[in-house]
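**Q** Take this structure, written in structure tokens, and hold onto it; I'll ask about it next.
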Amino acid sequence: MIKDILATTTDHMDKTHEALLGEFSTVRTGRATPMVFDRVMVDAYGSQMPLNQLATIKSTDAHSLVIEPWDKKTLKDIEKAILTSDLGLVPNNDGMLIRITFPSPTEERRIELTKQCRGHAEDSRVAIRNVRRDANSKLETLKKDGDASEDDIMRAEKEVQKYTDDAIARIDESLKAKEAEIMEV
């Protein structure tokens with residue numbers, strides 16, 4: 001029973017870190033990365049569809065991308081979706097594909113992006129602490145029900161705290177790396 005709680009706890013903490021990395025990948029730095037468009041939804045074929053399901057997105061160099069739709073009829077819809085997104089990018093439509101140049105963000109914009117990343121990291125830390133709280137409450141329930149000895153519960157609580165500390169350290173490392181990437185000129 002304790003092993004199940006510990007396994008679930010580590011799994012949730014790992015998934016929280018993976019989700020944070022996913023959030024970080026969508027934050028636009030000065031580099032061109034196709035993952036920036038993961039959240040862009042295009043109104044095509046009568047419904048909202050993710051951009052990456054309508055086109056191939058290729059990086060041509062460090063500061064530009066090419067979006068090549070599989071169906072050329074969706075070109076205008078894709079262009080409109082990029083313009084209305086919160087990415088602040090200007091698509092260049094040549095009738096066959098869309099070229100996007102990523103300008104280097106201003107110092108003010110980089111500071112804003114850093115604050116955004118810190119917010120994502122703090123949300124992840126809170127989620128990690130919630131996982132710890134849930135695990136500890138399950139362990140307390142085991143103790144009250146007499147399903148585990150007090151020593152076993154104490155060891156498990158220390159293990160949960162160790163997992164929590166490790167997960168928060170990984171979040172901090174990821175944040176530090178992302179901030180360095182954002183502030184790089």
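Chain labels run A, B, ... following the order of the structure tokens; each chain numbers its residues from 1, and ligands are numbered from 1 in the order shown.
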Quick one: DSSP strand (DSSP E) residues in region 45-153 of chain A, as a list in words?

**A** Ser47, Gln48, Met49, Pro50, Ala55, Thr56, Ile57, Lys58, Ser59, Thr60, Asp61, Ser64, Leu65, Val66, Ile67, Glu68, Pro69, Pro91, Asn92, Asn93, Ile98, Arg99, Ile100 and Thr101 of chain A

**Q** Would you write out those residues with N, CA and C atoms, as a short mmCIF file (atom, residue, chain, number, x, y, z; two decimals), in the first residue's frame?

**A**
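Written output follows (result_19.cif):
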data_model
loop_
_atom_site.label_atom_id
_atom_site.label_comp_id
_atom_site.auth_asym_id
_atom_site.auth_seq_id
_atom_site.Cartn_x
_atom_site.Cartn_y
_atom_site.Cartn_z
N SER A 47 -14.46 23.65 -38.11
CA SER A 47 -14.16 23.42 -36.69
C SER A 47 -12.78 23.99 -36.34
N GLN A 48 -12.51 24.05 -35.07
CA GLN A 48 -11.20 24.52 -34.59
C GLN A 48 -10.23 23.35 -34.60
N MET A 49 -9.11 23.51 -35.28
CA MET A 49 -8.11 22.45 -35.38
C MET A 49 -6.75 23.00 -35.01
N PRO A 50 -5.90 22.19 -34.36
CA PRO A 50 -4.53 22.64 -34.08
C PRO A 50 -3.77 22.84 -35.39
N ALA A 55 -0.67 21.45 -41.20
CA ALA A 55 0.50 21.86 -41.98
C ALA A 55 1.77 21.29 -41.40
N THR A 56 2.80 21.32 -42.22
CA THR A 56 4.14 20.97 -41.78
C THR A 56 4.82 22.26 -41.36
N ILE A 57 5.44 22.25 -40.19
CA ILE A 57 6.12 23.43 -39.69
C ILE A 57 7.61 23.09 -39.62
N LYS A 58 8.40 23.83 -40.41
CA LYS A 58 9.85 23.56 -40.48
C LYS A 58 10.65 24.79 -40.08
N SER A 59 11.74 24.55 -39.42
CA SER A 59 12.66 25.62 -39.06
C SER A 59 13.69 25.74 -40.18
N THR A 60 13.79 26.93 -40.77
CA THR A 60 14.76 27.13 -41.85
C THR A 60 16.10 27.63 -41.33
N ASP A 61 16.05 28.42 -40.28
CA ASP A 61 17.26 28.86 -39.58
C ASP A 61 16.87 29.23 -38.15
N SER A 64 13.73 31.85 -38.26
CA SER A 64 12.57 31.80 -39.16
C SER A 64 12.03 30.38 -39.32
N LEU A 65 10.73 30.34 -39.60
CA LEU A 65 10.01 29.08 -39.81
C LEU A 65 9.24 29.17 -41.11
N VAL A 66 8.96 28.00 -41.66
CA VAL A 66 8.11 27.90 -42.84
C VAL A 66 6.95 26.98 -42.48
N ILE A 67 5.73 27.43 -42.77
CA ILE A 67 4.54 26.62 -42.54
C ILE A 67 3.98 26.26 -43.91
N GLU A 68 3.95 24.97 -44.20
CA GLU A 68 3.47 24.49 -45.50
C GLU A 68 2.19 23.68 -45.28
N PRO A 69 1.02 24.26 -45.59
CA PRO A 69 -0.24 23.54 -45.38
C PRO A 69 -0.37 22.39 -46.37
N PRO A 91 2.83 36.75 -40.15
CA PRO A 91 3.06 35.76 -41.20
C PRO A 91 3.20 36.42 -42.57
N ASN A 92 4.06 35.85 -43.41
CA ASN A 92 4.26 36.32 -44.77
C ASN A 92 3.78 35.23 -45.71
N ASN A 93 2.59 35.43 -46.32
CA ASN A 93 1.94 34.45 -47.16
C ASN A 93 2.32 34.69 -48.61
N ILE A 98 3.69 29.80 -45.76
CA ILE A 98 3.79 30.97 -44.90
C ILE A 98 5.18 30.99 -44.28
N ARG A 99 5.83 32.14 -44.40
CA ARG A 99 7.14 32.33 -43.78
C ARG A 99 6.95 33.24 -42.56
N ILE A 100 7.62 32.88 -41.49
CA ILE A 100 7.53 33.69 -40.28
C ILE A 100 8.94 33.94 -39.76
N THR A 101 9.24 35.22 -39.57
CA THR A 101 10.53 35.60 -39.01
C THR A 101 10.30 35.98 -37.55
#

**Q** Determine, using only C-alpha atoms, which residues of region 72-114 of chain A have any atom at most 10 Å from an atom of region 18-27 of chain A, and tabulate each with its shortest atom pair and distance in Å to one decimal place, rows ordered by chain and then rising number, as JSON lines.

**A**
{"residue": "A:Leu87", "atom": "CA", "partner": "A:Val27", "partner_atom": "CA", "distance": 8.7}
{"residue": "A:Leu113", "atom": "CA", "partner": "A:Val27", "partner_atom": "CA", "distance": 7.2}
{"residue": "A:Thr114", "atom": "CA", "partner": "A:Val27", "partner_atom": "CA", "distance": 9.3}

**Q** Could you give me, as JSON, numbers by chain, each residue of region 66-133 of chain A that DSSP assigns to helix (DSSP H, G or I) when run on this structure's backbone?

**A** {"A": [72, 73, 74, 75, 76, 77, 78, 79, 80, 81, 82, 83, 84, 107, 108, 109, 110, 111, 112, 113, 114, 115, 116, 117, 118, 119, 120, 121, 122, 123, 124, 125, 126, 127, 128, 129, 130, 131, 132, 133]}

**Q** Distance CA of Lys80 (chain A)-CA of His120 (chain A), one decimal place?

**A**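 Spanning CA of Lys80 (chain A) to CA of His120 (chain A) is a straight-line distance of 27.6 Å.
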
**Q** When distances are computed from only C-alpha atoms, which of A:Leu89, A:Ala44, A:Ala121, A:Thr8 shows the smallest separation from Glu179 (chain A)?

**A**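 Going through A:Leu89, A:Ala44, A:Ala121, A:Thr8 one by one, the smallest distance to Glu179 (chain A) is for A:Ala121.
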
**Q** Determine the nearest neighbour of Glu107 (chain A) from the options A:Gly46, A:Lys72, A:Ile182, A:Ser149, counting only C-alpha atoms.

**A**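 Ranking A:Gly46, A:Lys72, A:Ile182, A:Ser149 by distance to Glu107 (chain A), first place goes to A:Ile182.
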
**Q** Find the distance between CA of Arg110 (chain A) and CA of Ala62 (chain A) and write it in Å to one decimal.

**A**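 So the two atoms, CA of Arg110 (chain A) and CA of Ala62 (chain A), lie 17.3 Å apart.
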
**Q** Which neighbours of region 152-168 of chain A fall inside 8 Å, counting only C-alpha atoms, when residues of the same chain fewer than 2 positions from it are skipped, and could you give them as a VMD selection string?

**A** chain A and resid 2 6 9 to 10 13 to 14 17 125 128 to 129 132 135 to 136 139 to 140 143 148 to 150 170 to 172

**Q** Work out how far CA of Arg39 (chain A) is from CA of Asp71 (chain A), in Å to one decimal.

**A**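 Atom-to-atom, CA of Asp71 (chain A) and CA of Arg39 (chain A) are spaced 19.9 Å apart.
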
**Q** Can you tell me, as a VMD selection string, what residues are no more than 10 Å from Pro103 (chain A) when counting only C-alpha atoms, ignoring any on the same chain fewer than 6 positions away?

**A** chain A and resid 29 to 32 63 to 64 88 to 90
